[in-house]
file work.cif (mmCIF, C-alpha atoms and all ligand atoms)
data_input
loop_
_atom_site.label_atom_id
_atom_site.label_comp_id
_atom_site.auth_asym_id
_atom_site.auth_seq_id
_atom_site.Cartn_x
_atom_site.Cartn_y
_atom_site.Cartn_z
CA MET Q 1 19.49 -4.53 -3.56
CA THR Q 2 20.57 -5.20 0.02
CA GLU Q 3 22.87 -2.16 0.15
CA LEU Q 4 20.15 0.12 -1.22
CA LEU Q 5 17.57 -1.17 1.24
CA GLU Q 6 19.99 -0.76 4.15
CA ARG Q 7 20.59 2.89 3.16
CA TRP Q 8 16.85 3.45 2.75
CA LEU Q 9 16.08 1.93 6.17
CA GLU Q 10 18.71 4.12 7.87
CA ALA Q 11 17.31 7.21 6.11
CA VAL Q 12 13.72 6.44 7.17
CA ILE Q 13 14.77 6.11 10.81
CA ALA Q 14 16.91 9.27 10.65
CA THR Q 15 14.32 11.49 8.93
CA PRO Q 16 11.89 13.15 11.36
CA GLY Q 17 8.20 12.43 10.81
CA LEU Q 18 8.51 9.21 8.81
CA THR Q 19 8.35 6.57 11.54
CA ALA Q 20 7.91 6.45 15.29
CA LEU Q 21 10.21 3.39 15.42
CA ARG Q 22 13.59 4.34 16.88
CA ASP Q 23 15.01 0.92 17.69
CA PRO Q 24 16.87 -0.28 14.54
CA ALA Q 25 15.89 -3.94 15.07
CA ASP Q 26 12.19 -3.06 15.41
CA ALA Q 27 12.38 -0.78 12.37
CA ARG Q 28 14.00 -3.52 10.28
CA ARG Q 29 11.35 -6.05 11.28
CA VAL Q 30 8.36 -3.77 10.68
CA LEU Q 31 9.49 -1.64 7.74
CA LEU Q 32 11.73 -4.02 5.80
CA ASP Q 33 11.34 -7.71 6.69
CA ASP Q 34 7.55 -7.52 6.93
CA ALA Q 35 7.38 -5.69 3.59
CA LEU Q 36 9.57 -8.30 1.88
CA ARG Q 37 7.22 -11.07 3.06
CA GLY Q 38 4.75 -9.62 0.58
CA ALA Q 39 6.95 -10.00 -2.52
CA GLU Q 40 5.79 -13.54 -3.17
CA VAL Q 41 2.15 -12.63 -2.58
CA VAL Q 42 2.42 -9.72 -5.04
CA SER Q 43 4.20 -11.83 -7.68
CA ALA Q 44 1.12 -14.05 -8.00
CA TRP Q 45 -0.68 -11.09 -9.65
CA ASP Q 46 0.30 -9.30 -12.91
CA GLY Q 47 0.68 -5.67 -13.74
CA PRO Q 48 1.84 -2.42 -12.24
CA VAL Q 49 1.79 -2.08 -8.45
CA VAL Q 50 0.68 0.91 -6.36
CA ASP Q 51 1.58 1.29 -2.68
CA VAL Q 52 -1.25 3.33 -1.18
CA GLY Q 53 -0.17 5.61 1.69
CA SER Q 54 3.47 4.69 1.33
CA GLY Q 55 4.69 6.96 4.16
CA GLY Q 56 8.46 6.50 4.29
CA GLY Q 57 8.28 3.96 1.44
CA THR Q 58 7.08 0.70 2.89
CA PRO Q 59 6.12 -1.76 1.52
CA GLY Q 60 6.69 -0.10 -1.89
CA ILE Q 61 10.47 0.44 -1.85
CA PRO Q 62 11.37 -3.08 -0.63
CA LEU Q 63 8.91 -4.49 -3.21
CA ALA Q 64 10.38 -2.37 -6.04
CA ALA Q 65 13.88 -3.56 -5.10
CA SER Q 66 12.91 -7.22 -4.99
CA LEU Q 67 10.63 -7.18 -8.05
CA PRO Q 68 12.69 -5.13 -10.58
CA ASP Q 69 10.47 -6.12 -13.52
CA ARG Q 70 7.37 -4.56 -11.95
CA GLU Q 71 6.58 -0.86 -12.08
CA VAL Q 72 5.90 0.31 -8.52
CA THR Q 73 4.12 3.60 -7.80
CA LEU Q 74 4.29 5.10 -4.32
CA LEU Q 75 1.08 7.05 -3.70
CA GLU Q 76 1.25 9.36 -0.70
CA ALA Q 77 -1.02 12.20 0.43
CA GLU Q 78 1.58 14.22 2.36
CA ARG Q 79 3.88 16.37 0.25
CA ARG Q 80 6.79 16.31 2.69
CA LYS Q 81 6.82 12.51 2.68
CA CYS Q 82 6.70 12.56 -1.14
CA GLU Q 83 9.83 14.70 -1.21
CA PHE Q 84 11.65 11.98 0.76
CA LEU Q 85 10.19 9.26 -1.49
CA ARG Q 86 11.24 11.13 -4.66
CA SER Q 87 14.87 11.07 -3.51
CA TRP Q 88 14.78 7.27 -4.11
CA GLU Q 89 13.43 7.45 -7.67
CA PRO Q 90 16.90 7.78 -9.27
CA GLU Q 91 18.02 4.62 -7.45
CA LEU Q 92 15.31 2.26 -8.76
CA ALA Q 93 14.39 2.37 -12.45
CA ASN Q 94 10.96 0.84 -11.76
CA LEU Q 95 9.95 3.31 -9.01
CA ARG Q 96 7.75 6.39 -9.36
CA VAL Q 97 6.11 8.65 -6.82
CA VAL Q 98 2.68 10.31 -6.98
CA TRP Q 99 1.63 12.97 -4.49
CA GLY Q 100 -2.12 12.65 -3.96
CA ARG Q 101 -5.00 10.92 -2.22
CA ALA Q 102 -6.23 7.46 -3.20
CA GLU Q 103 -9.81 8.72 -3.62
CA GLU Q 104 -8.67 11.21 -6.29
CA GLN Q 105 -6.77 8.86 -8.63
CA PRO Q 106 -7.89 7.30 -11.94
CA VAL Q 107 -9.76 4.04 -11.31
CA ASP Q 108 -9.24 0.47 -12.63
CA ALA Q 109 -5.61 1.19 -13.55
CA PHE Q 110 -3.22 -1.03 -11.56
CA GLY Q 111 -2.72 -4.78 -11.43
CA VAL Q 112 -2.06 -4.69 -7.69
CA ALA Q 113 -2.66 -2.18 -4.88
CA VAL Q 114 -0.77 -2.83 -1.64
CA ALA Q 115 -1.27 -1.13 1.71
CA LYS Q 116 0.33 -1.47 5.12
CA ALA Q 117 -0.87 0.48 8.18
CA LEU Q 118 -2.87 2.76 5.89
CA ALA Q 119 -6.16 2.99 7.82
CA PRO Q 120 -8.68 0.70 9.56
CA PRO Q 121 -9.01 -2.30 7.21
CA PRO Q 122 -12.51 -1.53 5.76
CA VAL Q 123 -11.30 2.00 4.94
CA ALA Q 124 -8.11 0.69 3.37
CA VAL Q 125 -10.25 -1.69 1.28
CA GLU Q 126 -12.37 1.20 0.03
CA TRP Q 127 -9.34 3.33 -0.85
CA CYS Q 128 -7.33 0.55 -2.54
CA LEU Q 129 -9.82 -1.43 -4.62
CA PRO Q 130 -10.91 1.37 -7.01
CA LEU Q 131 -7.28 1.69 -8.14
CA VAL Q 132 -7.19 -1.99 -9.21
CA ARG Q 133 -8.37 -3.21 -12.61
CA PRO Q 134 -10.67 -6.25 -12.92
CA GLY Q 135 -8.63 -9.43 -12.58
CA GLY Q 136 -6.14 -7.71 -10.27
CA ALA Q 137 -5.95 -7.63 -6.47
CA ALA Q 138 -5.65 -5.43 -3.43
CA ILE Q 139 -3.19 -6.89 -0.91
CA LEU Q 140 -3.44 -5.62 2.66
CA TRP Q 141 -0.94 -6.30 5.44
CA LEU Q 142 -3.14 -6.97 8.49
CA GLY Q 143 -2.48 -7.23 12.20
CA PRO Q 144 -3.51 -10.37 14.12
CA SER Q 145 -6.68 -8.74 15.50
CA ALA Q 146 -8.06 -7.67 12.10
CA ASP Q 147 -11.70 -8.61 11.52
CA LEU Q 148 -11.69 -10.52 8.22
CA GLU Q 149 -15.49 -10.59 8.01
CA ARG Q 150 -15.58 -6.79 7.92
CA VAL Q 151 -12.86 -6.82 5.27
CA GLU Q 152 -14.94 -9.26 3.21
CA ARG Q 153 -18.12 -7.21 3.59
CA ALA Q 154 -16.34 -4.04 2.44
CA ALA Q 155 -14.68 -5.90 -0.47
CA GLU Q 156 -18.01 -7.31 -1.70
CA GLN Q 157 -19.38 -3.78 -2.05
CA MET Q 158 -16.30 -2.87 -4.12
CA ALA Q 159 -16.65 -5.71 -6.68
CA ALA Q 160 -14.06 -7.92 -4.99
CA ARG Q 161 -13.82 -11.17 -3.06
CA ARG Q 162 -11.27 -12.40 -0.55
CA VAL Q 163 -9.11 -15.29 -1.77
CA ASP Q 164 -6.64 -17.53 0.07
CA SER Q 165 -3.48 -15.85 1.37
CA PRO Q 166 -0.65 -16.46 3.84
CA PRO Q 167 -1.32 -15.36 7.45
CA GLY Q 168 -0.99 -11.62 8.00
CA PHE Q 169 -2.44 -10.65 4.62
CA ALA Q 170 -5.85 -10.15 3.05
CA VAL Q 171 -5.85 -10.67 -0.71
CA LEU Q 172 -8.92 -9.26 -2.45
CA GLU Q 173 -9.50 -10.16 -6.08
CA LYS Q 174 -11.29 -7.51 -8.14
CA THR Q 175 -13.92 -9.32 -10.19
CA ALA Q 176 -15.54 -6.40 -12.07
CA PRO Q 177 -14.98 -2.66 -12.69
CA THR Q 178 -15.34 -0.23 -9.78
CA PRO Q 179 -19.08 0.08 -9.02
CA PRO Q 180 -20.85 3.40 -9.69
CA GLY Q 181 -20.61 5.83 -6.77
CA PHE Q 182 -17.01 4.90 -5.89
CA PRO Q 183 -14.61 6.24 -4.91
CA ARG Q 184 -16.72 8.24 -2.47
CA ARG Q 185 -15.56 11.80 -1.90
CA THR Q 186 -12.64 12.52 0.42
CA GLY Q 187 -13.41 11.91 4.08
CA VAL Q 188 -16.54 9.77 3.61
CA ALA Q 189 -14.83 6.35 3.86
CA ARG Q 190 -13.53 7.18 7.36
CA LYS Q 191 -16.78 8.82 8.49
CA ARG Q 192 -19.11 6.12 7.15
CA PRO Q 193 -17.05 2.94 6.65
CA LEU Q 194 -18.56 0.24 4.43
CA ALA Q 195 -18.31 -2.36 7.23
C1 LIG P 201 0.45 5.17 9.24
S1 LIG P 201 1.17 5.65 7.74
C2 LIG P 201 1.80 4.12 7.12
C3 LIG P 201 2.90 4.33 6.15
C4 LIG P 201 3.57 3.06 5.61
N1 LIG P 201 2.71 2.34 4.71
C5 LIG P 201 4.07 2.19 6.75
O1 LIG P 201 3.61 1.04 6.88
O2 LIG P 201 4.94 2.65 7.51
C6 LIG P 201 -0.22 5.98 6.65
C7 LIG P 201 0.16 6.87 5.47
O3 LIG P 201 -0.94 6.94 4.57
C8 LIG P 201 -1.05 8.27 4.08
N2 LIG P 201 -2.46 8.43 3.68
C9 LIG P 201 -3.54 8.50 4.51
N3 LIG P 201 -4.66 8.58 3.81
C10 LIG P 201 -4.31 8.53 2.49
C11 LIG P 201 -5.05 8.58 1.27
N4 LIG P 201 -6.38 8.67 1.27
N5 LIG P 201 -4.38 8.51 0.10
C12 LIG P 201 -3.02 8.41 0.10
N6 LIG P 201 -2.27 8.38 1.23
C13 LIG P 201 -2.90 8.44 2.41
C14 LIG P 201 -0.61 9.14 5.24
O4 LIG P 201 -0.16 10.40 4.81
C15 LIG P 201 0.50 8.30 5.86
O5 LIG P 201 1.76 8.63 5.32
#
call {"tool": "encode", "arguments": {"input": "work.cif", "output": "structure tokens"}}
result
Amino acid sequence: MTELLERWLEAVIATPGLTALRDPADARRVLLDDALRGAEVVSAWDGPVVDVGSGGGTPGIPLAASLPDREVTLLEAERRKCEFLRSWEPELANLRVVWGRAEEQPVDAFGVAVAKALAPPPVAVEWCLPLVRPGGAAILWLGPSADLERVERAAEQMAARRVDSPPGFAVLEKTAPTPPGFPRRTGVARKRPLA
């Protein structure tokens, strides 16, 4: 696992357009170590995992490597990034890549949706929660200035509630199927955020 993740990290840094981080120590901290902090949080919830807006593959690739019994889907809107992500599919039996937007995917399908640096938190909430089935959770990596009340208000409108989590995460438990009217059509979540 370590050797694979080292090769992946080097490739992300070396491939134009995947990360602005050029310093290897910064890249390791943000793309790898921070992603691995989520493995324990994810393992508390069952079922297949989707990484929404995976970019160069974080947190999805580190999670797939550290949780080999879980199917991990990397969902990414940009085709060029998906080509990079697909090159890692042969290396991890539990990894698959889907090119597409969160708002256009089947709903109530995954046990867990994870997202890191996807969008402002209320927008990330709106994109992630429809993908999660009732009883599952959306797990967001959040910066220290994130407004948890806005996250909670958005989650409540998406049939979810925030539950306890380690610092740096919001864990949102889906309590019922995706409400009618969601996902809203592409572009609306950013233009008229829920909170
Ligand atoms: C800032 S990057 C973060 C990438 C990665 N998660 C990370 O932490 O480095 C956000 C990514 O989300 C993708 N994205 C934005 N909106 C999306 C959507 N609605 N559905 C799927 N992917 C989306 C973008 O193409 C971009 O690659």
call {"tool": "residues_around", "arguments": {"input": "work.cif", "residues": "Trp45 of chain Q", "least_positions_apart": "4", "cutoff": "8 Å", "atoms": "all atoms listed in the file", "output": "ChimeraX atom specification"}}
result
/Q:41,111-112,136-137
call {"tool": "residues_near_ligand", "arguments": {"input": "work.cif", "ligand": "ligand LIG 201 (chain P)", "cutoff": "8 Å", "atoms": "only C-alpha atoms and all ligand atoms", "output": "VMD selection string"}}
result
chain Q and resid 18 to 19 30 to 31 51 to 59 75 to 78 81 99 to 103 115 to 119 127 186
call {"tool": "write_last_selection", "arguments": {"input": "work.cif", "atoms": "C-alpha atoms", "output": "mmCIF file, in the frame of the given file"}}
result
data_model
loop_
_atom_site.group_PDB
_atom_site.id
_atom_site.type_symbol
_atom_site.label_atom_id
_atom_site.label_comp_id
_atom_site.auth_asym_id
_atom_site.auth_seq_id
_atom_site.Cartn_x
_atom_site.Cartn_y
_atom_site.Cartn_z
ATOM 1 C CA LEU Q 18 8.510 9.210 8.810
ATOM 2 C CA THR Q 19 8.350 6.570 11.540
ATOM 3 C CA VAL Q 30 8.360 -3.770 10.680
ATOM 4 C CA LEU Q 31 9.490 -1.640 7.740
ATOM 5 C CA ASP Q 51 1.580 1.290 -2.680
ATOM 6 C CA VAL Q 52 -1.250 3.330 -1.180
ATOM 7 C CA GLY Q 53 -0.170 5.610 1.690
ATOM 8 C CA SER Q 54 3.470 4.690 1.330
ATOM 9 C CA GLY Q 55 4.690 6.960 4.160
ATOM 10 C CA GLY Q 56 8.460 6.500 4.290
ATOM 11 C CA GLY Q 57 8.280 3.960 1.440
ATOM 12 C CA THR Q 58 7.080 0.700 2.890
ATOM 13 C CA PRO Q 59 6.120 -1.760 1.520
ATOM 14 C CA LEU Q 75 1.080 7.050 -3.700
ATOM 15 C CA GLU Q 76 1.250 9.360 -0.700
ATOM 16 C CA ALA Q 77 -1.020 12.200 0.430
ATOM 17 C CA GLU Q 78 1.580 14.220 2.360
ATOM 18 C CA LYS Q 81 6.820 12.510 2.680
ATOM 19 C CA TRP Q 99 1.630 12.970 -4.490
ATOM 20 C CA GLY Q 100 -2.120 12.650 -3.960
ATOM 21 C CA ARG Q 101 -5.000 10.920 -2.220
ATOM 22 C CA ALA Q 102 -6.230 7.460 -3.200
ATOM 23 C CA GLU Q 103 -9.810 8.720 -3.620
ATOM 24 C CA ALA Q 115 -1.270 -1.130 1.710
ATOM 25 C CA LYS Q 116 0.330 -1.470 5.120
ATOM 26 C CA ALA Q 117 -0.870 0.480 8.180
ATOM 27 C CA LEU Q 118 -2.870 2.760 5.890
ATOM 28 C CA ALA Q 119 -6.160 2.990 7.820
ATOM 29 C CA TRP Q 127 -9.340 3.330 -0.850
ATOM 30 C CA THR Q 186 -12.640 12.520 0.420
#
call {"tool": "closest_residue", "arguments": {"input": "work.cif", "among": "Q:Glu156, Q:Asp147, Q:Asp33, Q:Asp23", "to": "Glu6 of chain Q", "atoms": "all atoms listed in the file"}}
result
Q:Asp33
call {"tool": "atom_distance", "arguments": {"input": "work.cif", "atom1": "atom CA of Gly17 of chain Q", "atom2": "atom CA of Leu67 of chain Q"}}
result
27.3 Å
call {"tool": "residues_around", "arguments": {"input": "work.cif", "residues": "Leu129 of chain Q", "least_positions_apart": "6", "cutoff": "12 Å", "atoms": "only C-alpha atoms", "output": "JSON, numbers by chain"}}
result
{"Q": [50, 51, 52, 102, 103, 105, 106, 107, 108, 109, 110, 111, 112, 113, 114, 115, 121, 122, 123, 135, 136, 137, 138, 139, 140, 151, 154, 155, 156, 157, 158, 159, 160, 161, 162, 171, 172, 173, 174, 175, 176, 177, 178, 179, 182, 183]}
call {"tool": "closest_residue", "arguments": {"input": "work.cif", "among": "Q:Ala35, Q:Leu85, Q:Ala44, Q:Ser165", "to": "Leu63 of chain Q", "atoms": "all atoms listed in the file"}}
result
Q:Ala35
call {"tool": "closest_residue", "arguments": {"input": "work.cif", "among": "Q:Pro24, Q:Pro62, Q:Pro16, Q:Pro48", "to": "Val132 of chain Q", "atoms": "all atoms listed in the file"}}
result
Q:Pro48
call {"tool": "closest_residue", "arguments": {"input": "work.cif", "among": "Q:Glu126, Q:Pro144, Q:Phe84, Q:Pro134", "to": "Gly187 of chain Q", "atoms": "only C-alpha atoms"}}
result
Q:Glu126
call {"tool": "closest_residue", "arguments": {"input": "work.cif", "among": "Q:Leu95, Q:Ala27, Q:Leu142, Q:Ala20", "to": "Ala65 of chain Q", "atoms": "all atoms listed in the file"}}
result
Q:Leu95
call {"tool": "closest_residue", "arguments": {"input": "work.cif", "among": "Q:Val98, Q:Leu131, Q:Val42, Q:Ala11", "to": "Phe169 of chain Q", "atoms": "all atoms listed in the file"}}
result
Q:Val42
call {"tool": "axis_aligned_box", "arguments": {"input": "work.cif", "around": "segment 54-68 of chain Q", "padding_each_side": "3 Å", "output": "lines of an AutoDock Vina configuration file"}}
result
center_x = 8.7
center_y = -0.1
center_z = -3.1
size_x = 16.4
size_y = 20.2
size_z = 20.9
call {"tool": "atom_distance", "arguments": {"input": "work.cif", "atom1": "atom CA of Ala93 of chain Q", "atom2": "atom CA of Pro68 of chain Q"}}
result
7.9 Å
call {"tool": "decode", "arguments": {"input": "work.cif", "residues": "segment 109-136 of chain Q", "atoms": "N, CA, C and O atoms", "output": "PDB file, in the first residue's frame"}}
result
ATOM      1  N   ALA Q 109     -27.691   5.508  -3.466  1.00  0.00           N
ATOM      2  CA  ALA Q 109     -26.987   4.319  -3.943  1.00  0.00           C
ATOM      3  C   ALA Q 109     -25.801   3.906  -3.067  1.00  0.00           C
ATOM      4  O   ALA Q 109     -25.533   2.714  -2.921  1.00  0.00           O
ATOM      5  N   PHE Q 110     -25.085   4.845  -2.487  1.00  0.00           N
ATOM      6  CA  PHE Q 110     -23.835   4.535  -1.790  1.00  0.00           C
ATOM      7  C   PHE Q 110     -24.032   4.525  -0.268  1.00  0.00           C
ATOM      8  O   PHE Q 110     -24.923   5.202   0.251  1.00  0.00           O
ATOM      9  N   GLY Q 111     -23.171   3.776   0.406  1.00  0.00           N
ATOM     10  CA  GLY Q 111     -23.178   3.809   1.864  1.00  0.00           C
ATOM     11  C   GLY Q 111     -22.556   5.088   2.393  1.00  0.00           C
ATOM     12  O   GLY Q 111     -22.984   5.630   3.415  1.00  0.00           O
ATOM     13  N   VAL Q 112     -21.522   5.557   1.696  1.00  0.00           N
ATOM     14  CA  VAL Q 112     -20.772   6.732   2.153  1.00  0.00           C
ATOM     15  C   VAL Q 112     -20.393   7.595   0.949  1.00  0.00           C
ATOM     16  O   VAL Q 112     -19.913   7.061  -0.057  1.00  0.00           O
ATOM     17  N   ALA Q 113     -20.592   8.904   1.057  1.00  0.00           N
ATOM     18  CA  ALA Q 113     -20.022   9.851   0.084  1.00  0.00           C
ATOM     19  C   ALA Q 113     -18.997  10.695   0.823  1.00  0.00           C
ATOM     20  O   ALA Q 113     -19.302  11.228   1.899  1.00  0.00           O
ATOM     21  N   VAL Q 114     -17.792  10.788   0.282  1.00  0.00           N
ATOM     22  CA  VAL Q 114     -16.763  11.630   0.897  1.00  0.00           C
ATOM     23  C   VAL Q 114     -16.439  12.776  -0.051  1.00  0.00           C
ATOM     24  O   VAL Q 114     -16.583  12.646  -1.272  1.00  0.00           O
ATOM     25  N   ALA Q 115     -16.022  13.918   0.524  1.00  0.00           N
ATOM     26  CA  ALA Q 115     -15.619  15.042  -0.319  1.00  0.00           C
ATOM     27  C   ALA Q 115     -14.626  15.904   0.426  1.00  0.00           C
ATOM     28  O   ALA Q 115     -14.774  16.178   1.616  1.00  0.00           O
ATOM     29  N   LYS Q 116     -13.595  16.318  -0.323  1.00  0.00           N
ATOM     30  CA  LYS Q 116     -12.537  17.161   0.234  1.00  0.00           C
ATOM     31  C   LYS Q 116     -12.297  18.278  -0.773  1.00  0.00           C
ATOM     32  O   LYS Q 116     -12.062  17.984  -1.959  1.00  0.00           O
ATOM     33  N   ALA Q 117     -12.411  19.525  -0.308  1.00  0.00           N
ATOM     34  CA  ALA Q 117     -12.169  20.686  -1.181  1.00  0.00           C
ATOM     35  C   ALA Q 117     -13.036  20.653  -2.435  1.00  0.00           C
ATOM     36  O   ALA Q 117     -12.606  21.069  -3.504  1.00  0.00           O
ATOM     37  N   LEU Q 118     -14.257  20.150  -2.307  1.00  0.00           N
ATOM     38  CA  LEU Q 118     -15.129  20.035  -3.477  1.00  0.00           C
ATOM     39  C   LEU Q 118     -15.749  21.377  -3.841  1.00  0.00           C
ATOM     40  O   LEU Q 118     -15.761  21.762  -5.016  1.00  0.00           O
ATOM     41  N   ALA Q 119     -16.270  22.099  -2.857  1.00  0.00           N
ATOM     42  CA  ALA Q 119     -17.056  23.318  -3.093  1.00  0.00           C
ATOM     43  C   ALA Q 119     -17.321  23.931  -1.717  1.00  0.00           C
ATOM     44  O   ALA Q 119     -17.033  23.288  -0.694  1.00  0.00           O
ATOM     45  N   PRO Q 120     -17.910  25.149  -1.651  1.00  0.00           N
ATOM     46  CA  PRO Q 120     -18.299  25.652  -0.330  1.00  0.00           C
ATOM     47  C   PRO Q 120     -19.158  24.603   0.382  1.00  0.00           C
ATOM     48  O   PRO Q 120     -19.973  23.924  -0.274  1.00  0.00           O
ATOM     49  N   PRO Q 121     -18.989  24.438   1.704  1.00  0.00           N
ATOM     50  CA  PRO Q 121     -19.614  23.300   2.387  1.00  0.00           C
ATOM     51  C   PRO Q 121     -21.110  23.093   2.110  1.00  0.00           C
ATOM     52  O   PRO Q 121     -21.518  21.961   1.840  1.00  0.00           O
ATOM     53  N   PRO Q 122     -21.974  24.146   2.119  1.00  0.00           N
ATOM     54  CA  PRO Q 122     -23.396  23.853   1.856  1.00  0.00           C
ATOM     55  C   PRO Q 122     -23.629  23.283   0.453  1.00  0.00           C
ATOM     56  O   PRO Q 122     -24.555  22.500   0.243  1.00  0.00           O
ATOM     57  N   VAL Q 123     -22.782  23.664  -0.500  1.00  0.00           N
ATOM     58  CA  VAL Q 123     -22.896  23.132  -1.866  1.00  0.00           C
ATOM     59  C   VAL Q 123     -22.425  21.676  -1.892  1.00  0.00           C
ATOM     60  O   VAL Q 123     -23.071  20.798  -2.480  1.00  0.00           O
ATOM     61  N   ALA Q 124     -21.331  21.419  -1.211  1.00  0.00           N
ATOM     62  CA  ALA Q 124     -20.834  20.033  -1.128  1.00  0.00           C
ATOM     63  C   ALA Q 124     -21.882  19.130  -0.481  1.00  0.00           C
ATOM     64  O   ALA Q 124     -22.107  17.995  -0.913  1.00  0.00           O
ATOM     65  N   VAL Q 125     -22.559  19.646   0.551  1.00  0.00           N
ATOM     66  CA  VAL Q 125     -23.625  18.877   1.214  1.00  0.00           C
ATOM     67  C   VAL Q 125     -24.709  18.519   0.197  1.00  0.00           C
ATOM     68  O   VAL Q 125     -25.147  17.368   0.096  1.00  0.00           O
ATOM     69  N   GLU Q 126     -25.110  19.503  -0.582  1.00  0.00           N
ATOM     70  CA  GLU Q 126     -26.206  19.275  -1.538  1.00  0.00           C
ATOM     71  C   GLU Q 126     -25.794  18.310  -2.648  1.00  0.00           C
ATOM     72  O   GLU Q 126     -26.626  17.557  -3.155  1.00  0.00           O
ATOM     73  N   TRP Q 127     -24.534  18.323  -3.041  1.00  0.00           N
ATOM     74  CA  TRP Q 127     -24.087  17.411  -4.094  1.00  0.00           C
ATOM     75  C   TRP Q 127     -23.876  15.987  -3.561  1.00  0.00           C
ATOM     76  O   TRP Q 127     -24.118  15.010  -4.268  1.00  0.00           O
ATOM     77  N   CYS Q 128     -23.422  15.880  -2.305  1.00  0.00           N
ATOM     78  CA  CYS Q 128     -23.051  14.546  -1.789  1.00  0.00           C
ATOM     79  C   CYS Q 128     -24.245  13.738  -1.273  1.00  0.00           C
ATOM     80  O   CYS Q 128     -24.346  12.539  -1.517  1.00  0.00           O
ATOM     81  N   LEU Q 129     -25.134  14.409  -0.518  1.00  0.00           N
ATOM     82  CA  LEU Q 129     -26.160  13.625   0.198  1.00  0.00           C
ATOM     83  C   LEU Q 129     -27.113  12.840  -0.708  1.00  0.00           C
ATOM     84  O   LEU Q 129     -27.492  11.719  -0.346  1.00  0.00           O
ATOM     85  N   PRO Q 130     -27.507  13.351  -1.889  1.00  0.00           N
ATOM     86  CA  PRO Q 130     -28.396  12.526  -2.720  1.00  0.00           C
ATOM     87  C   PRO Q 130     -27.785  11.180  -3.125  1.00  0.00           C
ATOM     88  O   PRO Q 130     -28.506  10.217  -3.380  1.00  0.00           O
ATOM     89  N   LEU Q 131     -26.465  11.113  -3.159  1.00  0.00           N
ATOM     90  CA  LEU Q 131     -25.810   9.869  -3.586  1.00  0.00           C
ATOM     91  C   LEU Q 131     -25.877   8.785  -2.509  1.00  0.00           C
ATOM     92  O   LEU Q 131     -25.631   7.609  -2.782  1.00  0.00           O
ATOM     93  N   VAL Q 132     -26.187   9.209  -1.262  1.00  0.00           N
ATOM     94  CA  VAL Q 132     -26.100   8.309  -0.104  1.00  0.00           C
ATOM     95  C   VAL Q 132     -27.468   7.689   0.192  1.00  0.00           C
ATOM     96  O   VAL Q 132     -28.486   8.374   0.163  1.00  0.00           O
ATOM     97  N   ARG Q 133     -27.467   6.398   0.494  1.00  0.00           N
ATOM     98  CA  ARG Q 133     -28.738   5.746   0.827  1.00  0.00           C
ATOM     99  C   ARG Q 133     -29.099   6.018   2.303  1.00  0.00           C
ATOM    100  O   ARG Q 133     -28.204   6.308   3.122  1.00  0.00           O
ATOM    101  N   PRO Q 134     -30.390   5.888   2.650  1.00  0.00           N
ATOM    102  CA  PRO Q 134     -30.768   6.090   4.053  1.00  0.00           C
ATOM    103  C   PRO Q 134     -29.973   5.150   4.965  1.00  0.00           C
ATOM    104  O   PRO Q 134     -29.767   3.977   4.631  1.00  0.00           O
ATOM    105  N   GLY Q 135     -29.523   5.678   6.088  1.00  0.00           N
ATOM    106  CA  GLY Q 135     -28.689   4.893   7.002  1.00  0.00           C
ATOM    107  C   GLY Q 135     -27.201   5.096   6.753  1.00  0.00           C
ATOM    108  O   GLY Q 135     -26.371   4.719   7.571  1.00  0.00           O
ATOM    109  N   GLY Q 136     -26.855   5.692   5.604  1.00  0.00           N
ATOM    110  CA  GLY Q 136     -25.455   5.973   5.287  1.00  0.00           C
ATOM    111  C   GLY Q 136     -25.078   7.390   5.693  1.00  0.00           C
ATOM    112  O   GLY Q 136     -25.825   8.064   6.412  1.00  0.00           O
TER     113      GLY Q 136
END
